[in-house]
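Engineer: Contents of final.csv (CSV, C-alpha atoms):
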chain,number,residue,atom,x,y,z
A,21,MET,CA,44.4,117.4,139.5
A,22,LEU,CA,47.4,118.0,137.2
A,23,PRO,CA,47.4,116.7,133.7
A,24,GLU,CA,49.7,113.8,132.9
A,25,VAL,CA,52.8,114.9,131.2
A,26,SER,CA,54.2,112.5,128.6
A,27,PRO,CA,58.0,112.0,128.8
A,28,VAL,CA,60.1,113.9,126.3
A,29,PRO,CA,61.8,111.5,123.9
A,30,ASP,CA,65.6,111.2,124.4
A,31,GLN,CA,67.1,113.7,121.9
A,32,ARG,CA,70.7,112.4,122.5
A,33,PRO,CA,72.3,110.2,119.9
A,34,ASP,CA,72.5,106.5,120.5
A,35,GLU,CA,75.9,106.4,122.4
A,36,THR,CA,76.3,102.6,122.1
A,37,ASP,CA,75.7,102.7,118.3
A,38,PHE,CA,78.2,105.6,117.9
A,39,ALA,CA,80.8,103.9,120.1
A,40,THR,CA,80.5,100.7,118.1
A,41,TRP,CA,80.9,102.5,114.9
A,42,VAL,CA,83.9,104.4,116.1
A,43,ALA,CA,85.5,101.2,117.4
A,44,THR,CA,84.9,99.6,114.0
A,45,ARG,CA,85.9,102.5,111.7
A,46,GLY,CA,88.5,104.3,114.0
A,47,ASP,CA,91.6,102.7,112.6
A,48,SER,CA,90.6,103.3,109.0
A,49,LEU,CA,89.8,107.0,109.9
A,50,GLN,CA,93.2,107.4,111.5
A,51,ARG,CA,94.9,106.0,108.4
A,52,PHE,CA,92.9,108.2,106.2
A,53,ALA,CA,93.7,111.3,108.3
A,54,TYR,CA,97.4,110.5,108.3
A,55,LEU,CA,97.4,110.0,104.5
A,56,VAL,CA,95.5,113.3,104.0
A,57,THR,CA,97.7,115.3,106.3
A,58,GLY,CA,101.0,113.5,106.0
A,59,ASN,CA,101.4,114.2,109.7
A,60,ALA,CA,101.1,111.6,112.4
A,61,VAL,CA,100.6,114.2,115.1
A,62,ASP,CA,97.8,116.1,113.4
A,63,ALA,CA,95.9,113.0,112.2
A,64,PRO,CA,94.4,111.9,115.6
A,65,ASP,CA,93.3,115.5,116.4
A,66,LEU,CA,91.5,115.8,113.0
A,67,VAL,CA,89.7,112.5,113.6
A,68,GLN,CA,88.7,113.5,117.1
A,69,ASP,CA,87.4,116.9,115.9
A,70,ALA,CA,85.5,115.2,113.1
A,71,LEU,CA,83.9,112.7,115.5
A,72,ALA,CA,83.0,115.4,117.9
A,73,ARG,CA,81.2,117.2,115.1
A,74,ALA,CA,79.5,114.0,114.0
A,75,TYR,CA,78.3,112.9,117.5
A,76,PRO,CA,75.4,115.5,117.9
A,77,ARG,CA,74.2,114.5,114.4
A,78,TRP,CA,74.7,110.8,114.8
A,79,ARG,CA,71.1,109.6,114.6
A,80,ARG,CA,70.5,111.5,111.3
A,81,LEU,CA,73.9,110.4,109.9
A,82,ALA,CA,73.4,106.8,110.8
A,83,GLN,CA,69.8,106.7,109.5
A,84,SER,CA,70.8,108.3,106.2
A,85,GLY,CA,74.0,106.1,105.8
A,86,THR,CA,76.2,109.2,105.4
A,87,ALA,CA,78.2,108.9,108.6
A,88,GLU,CA,81.4,107.7,106.9
A,89,ALA,CA,81.2,110.4,104.2
A,90,TYR,CA,80.5,113.1,106.8
A,91,VAL,CA,83.4,112.2,109.0
A,92,ARG,CA,85.9,111.9,106.1
A,93,LYS,CA,84.7,115.2,104.7
A,94,SER,CA,85.2,116.8,108.2
A,95,ILE,CA,88.7,115.3,108.2
A,96,VAL,CA,89.6,116.8,104.8
A,97,ASN,CA,88.1,120.2,105.7
A,98,GLY,CA,90.0,120.3,108.9
A,99,SER,CA,93.2,119.4,107.1
A,100,VAL,CA,92.6,122.1,104.6
A,101,SER,CA,91.9,124.6,107.3
A,102,ARG,CA,95.1,123.7,109.2
A,103,TRP,CA,97.1,123.8,106.0
A,104,ARG,CA,95.8,127.3,105.2
A,105,LYS,CA,96.7,128.5,108.6
A,106,ASN,CA,100.1,127.0,108.6
A,107,ARG,CA,101.1,127.2,104.9
A,108,ARG,CA,103.6,130.0,105.4
A,109,LEU,CA,105.3,128.4,108.3
A,110,VAL,CA,108.4,126.3,107.5
A,111,SER,CA,110.3,124.6,110.3
A,112,MET,CA,114.1,124.7,110.4
A,113,ALA,CA,114.1,120.8,110.4
A,114,GLU,CA,112.3,120.9,107.1
A,115,LEU,CA,114.8,123.4,105.7
A,116,GLU,CA,117.8,121.4,106.9
A,117,ALA,CA,116.3,118.1,105.6
A,118,TYR,CA,115.8,119.8,102.2
A,119,ALA,CA,119.3,121.1,102.1
A,120,ALA,CA,120.8,117.7,103.1
A,121,ALA,CA,118.8,115.9,100.4
A,122,THR,CA,120.9,114.2,97.7
A,123,PRO,CA,120.1,115.8,94.3
A,124,ASP,CA,121.0,112.6,92.3
A,125,GLY,CA,118.1,110.6,93.6
A,126,SER,CA,120.3,107.6,94.6
A,127,SER,CA,118.8,107.0,98.0
A,128,ASP,CA,117.7,103.8,99.7
A,129,VAL,CA,114.1,105.0,99.8
A,130,ASP,CA,111.7,102.5,98.4
A,131,ASP,CA,109.1,103.3,95.8
A,132,ALA,CA,106.2,103.7,98.4
A,133,ASP,CA,108.2,106.2,100.4
A,134,GLU,CA,109.1,108.2,97.3
A,135,ALA,CA,105.5,108.2,96.1
A,136,TRP,CA,104.4,109.4,99.5
A,137,GLU,CA,106.9,112.2,99.6
A,138,LEU,CA,105.7,113.3,96.2
A,139,CYS,CA,102.1,113.2,97.3
A,140,ARG,CA,103.0,115.4,100.3
A,141,THR,CA,104.0,118.2,97.9
A,142,LEU,CA,100.4,118.4,96.5
A,143,PRO,CA,97.9,120.9,97.7
A,144,ALA,CA,95.6,119.5,100.4
A,145,ARG,CA,92.5,118.9,98.3
A,146,GLN,CA,94.5,117.3,95.5
A,147,ARG,CA,96.3,115.0,98.0
A,148,ALA,CA,92.9,114.1,99.6
A,149,ALA,CA,91.5,113.3,96.2
A,150,VAL,CA,94.5,111.1,95.3
A,151,VAL,CA,94.3,109.3,98.6
A,152,LEU,CA,90.6,108.7,98.3
A,153,ARG,CA,90.9,107.4,94.7
A,154,PHE,CA,94.0,105.2,94.8
A,155,TYR,CA,94.5,104.3,98.5
A,156,GLU,CA,90.8,104.1,99.6
A,157,ASP,CA,89.8,102.9,96.0
A,158,LEU,CA,86.7,105.1,96.0
A,159,SER,CA,84.7,106.1,92.9
A,160,TYR,CA,84.7,109.7,91.7
A,161,ALA,CA,81.1,110.0,92.9
A,162,GLN,CA,82.2,109.0,96.4
A,163,ILE,CA,85.1,111.4,96.3
A,164,ALA,CA,82.9,114.2,95.3
A,165,LEU,CA,80.6,113.5,98.2
A,166,ILE,CA,83.4,113.5,100.7
A,167,LEU,CA,85.1,116.6,99.3
A,168,ASP,CA,81.8,118.4,98.8
A,169,CYS,CA,82.2,119.1,95.1
A,170,ALA,CA,80.7,118.0,91.8
A,171,GLU,CA,81.9,114.7,90.3
A,172,PRO,CA,83.7,116.4,87.5
A,173,SER,CA,85.5,118.5,90.0
A,174,ALA,CA,86.7,115.4,91.8
A,175,ARG,CA,87.9,114.0,88.5
A,176,SER,CA,89.7,117.3,87.8
A,177,LEU,CA,91.4,117.3,91.3
A,178,VAL,CA,92.7,113.8,90.6
A,179,HIS,CA,93.8,114.7,87.1
A,180,ARG,CA,95.6,117.8,88.1
A,181,ALA,CA,97.3,116.0,91.0
A,182,LEU,CA,98.5,113.3,88.6
A,183,GLU,CA,99.8,115.8,86.1
A,184,SER,CA,101.7,117.6,88.9
A,185,LEU,CA,103.2,114.3,90.1
A,186,ARG,CA,104.2,113.4,86.5
A,187,GLU,CA,105.9,116.8,86.1
A,188,ARG,CA,107.8,116.3,89.3
A,189,LEU,CA,108.9,112.8,88.2
A,190,ASN,CA,109.9,113.9,84.7
A,191,PRO,CA,110.5,117.7,84.7
A,192,GLY,CA,110.3,119.1,81.2
A,193,GLY,CA,109.7,115.6,79.7
A,194,ASP,CA,106.9,114.3,77.5
A,195,HIS,CA,103.9,113.0,79.4
A,196,ASP,CA,102.5,110.8,76.6
Show the structure stored in the file as structure tokens.
Structural biologist:
Amino acid sequence: MLPEVSPVPDQRPDETDFATWVATRGDSLQRFAYLVTGNAVDAPDLVQDALARAYPRWRRLAQSGTAEAYVRKSIVNGSVSRWRKNRRLVSMAELEAYAAATPDGSSDVDDADEAWELCRTLPARQRAAVVLRFYEDLSYAQIALILDCAEPSARSLVHRALESLRERLNPGGDHD
């Protein structure tokens, strides 16, 4: 007689739980990815890649309560990686748009659009820190967790980004 073999527990993540979480958090993740990248075409790809990396780890992430931070961190890392790969590429459309820009600043662009255009000039990690701090309203500790850095580094990223934005808004001016 053969010994009775106990069934192997299912090692796959809980698909229903994952699908529910994605349905609930998906729009927020899409907005976050768009704000980090500044590109509506790349944002869905980054979210999809981040979710694909999270799925095999879903049980552990869900149990530890770190799923949101893990996915956001993956989005930021993916954005930085893409930026590094493409930072030297400039499209002709961007050059033409830059050449056609009015230097006097008298455009019909509202403040939010102008602020977003300024944020797009920041390096990827600084832009991510600013989005997390001021758009997502996260604490520096939460930002540090998502960006995988120490809390003082998260503060520094936000500080340097704000200094850079102030300099762009008031070149050569006093920042006090």
Engineer: Quick one: of A:Ala74, A:Leu66, A:Leu142, A:Val61, who's nearest to Val91 of chain A, counting only C-alpha atoms?
Structural biologist: A:Ala74
Engineer: How many Å separate atom CA of Leu165 of chain A from atom CA of Lys93 of chain A?
Structural biologist: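 One can read the atom CA of Leu165 of chain A to atom CA of Lys93 of chain A distance as 7.9 Å.
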Engineer: For atom CA of Glu156 of chain A and atom CA of Asp62 of chain A, quote the distance in Å rounded to one decimal.
Structural biologist: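 It comes out at 19.6 Å.
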Engineer: Write out as a PDB file with C-alpha atoms, keeping the file's coordinate frame which residues come within 8 Å of Arg145 of chain A when counting only C-alpha atoms, dropping same-chain ones fewer than 4 positions away.
Structural biologist:
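Contents of result30.pdb, as written:
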ATOM      1  CA  VAL A  96      89.600 116.800 104.800  1.00  0.00           C
ATOM      2  CA  VAL A 100      92.600 122.100 104.600  1.00  0.00           C
ATOM      3  CA  ALA A 149      91.500 113.300  96.200  1.00  0.00           C
ATOM      4  CA  LEU A 167      85.100 116.600  99.300  1.00  0.00           C
ATOM      5  CA  LEU A 177      91.400 117.300  91.300  1.00  0.00           C
TER       6      LEU A 177
END
Engineer: Calculated over all atoms listed in the file, which of the candidates A:Pro64, A:Pro143, A:Gly85, A:Pro76 has the smallest distance to Ser101 of chain A?
Structural biologist: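 Using all atoms listed in the file, the shortest distance to Ser101 of chain A belongs to A:Pro143.
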Engineer: Given all atoms listed in the file as the basis, pick out the residue of A:Leu55, A:Leu81, A:Cys139, A:Ala72 nearest to Ser99 of chain A.
Structural biologist: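 Counting all atoms listed in the file, the residue closest to Ser99 of chain A is A:Leu55.
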Engineer: Work out how far apart atom CA of Ala148 of chain A and atom CA of Glu187 of chain A are and give it in Å to one decimal.
Structural biologist: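 Those two atoms sit 18.9 Å apart.
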Engineer: Quick one: everything within 12 Å of Asp37 of chain A, counting all atoms listed in the file, minus sequence neighbours fewer than 4 positions away in the same chain. Send it as number ranges by chain.
Structural biologist: A: 32-33, 41-44, 75, 78-79, 81-83, 87
Engineer: Rank A:Trp103, A:Tyr90, A:Tyr160, A:Tyr54 by their smallest atom-to-atom distance to Arg77 of chain A, using only C-alpha atoms, and report the top residue only.
Structural biologist: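 The shortest atom-to-atom distance to Arg77 of chain A comes from A:Tyr90.
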Engineer: The residues within 12 Å of (93.2, 122.3, 110.0), using all atoms listed in the file and the coordinates of the file, should be reported as a count of residues only; which are they?
Structural biologist: 27
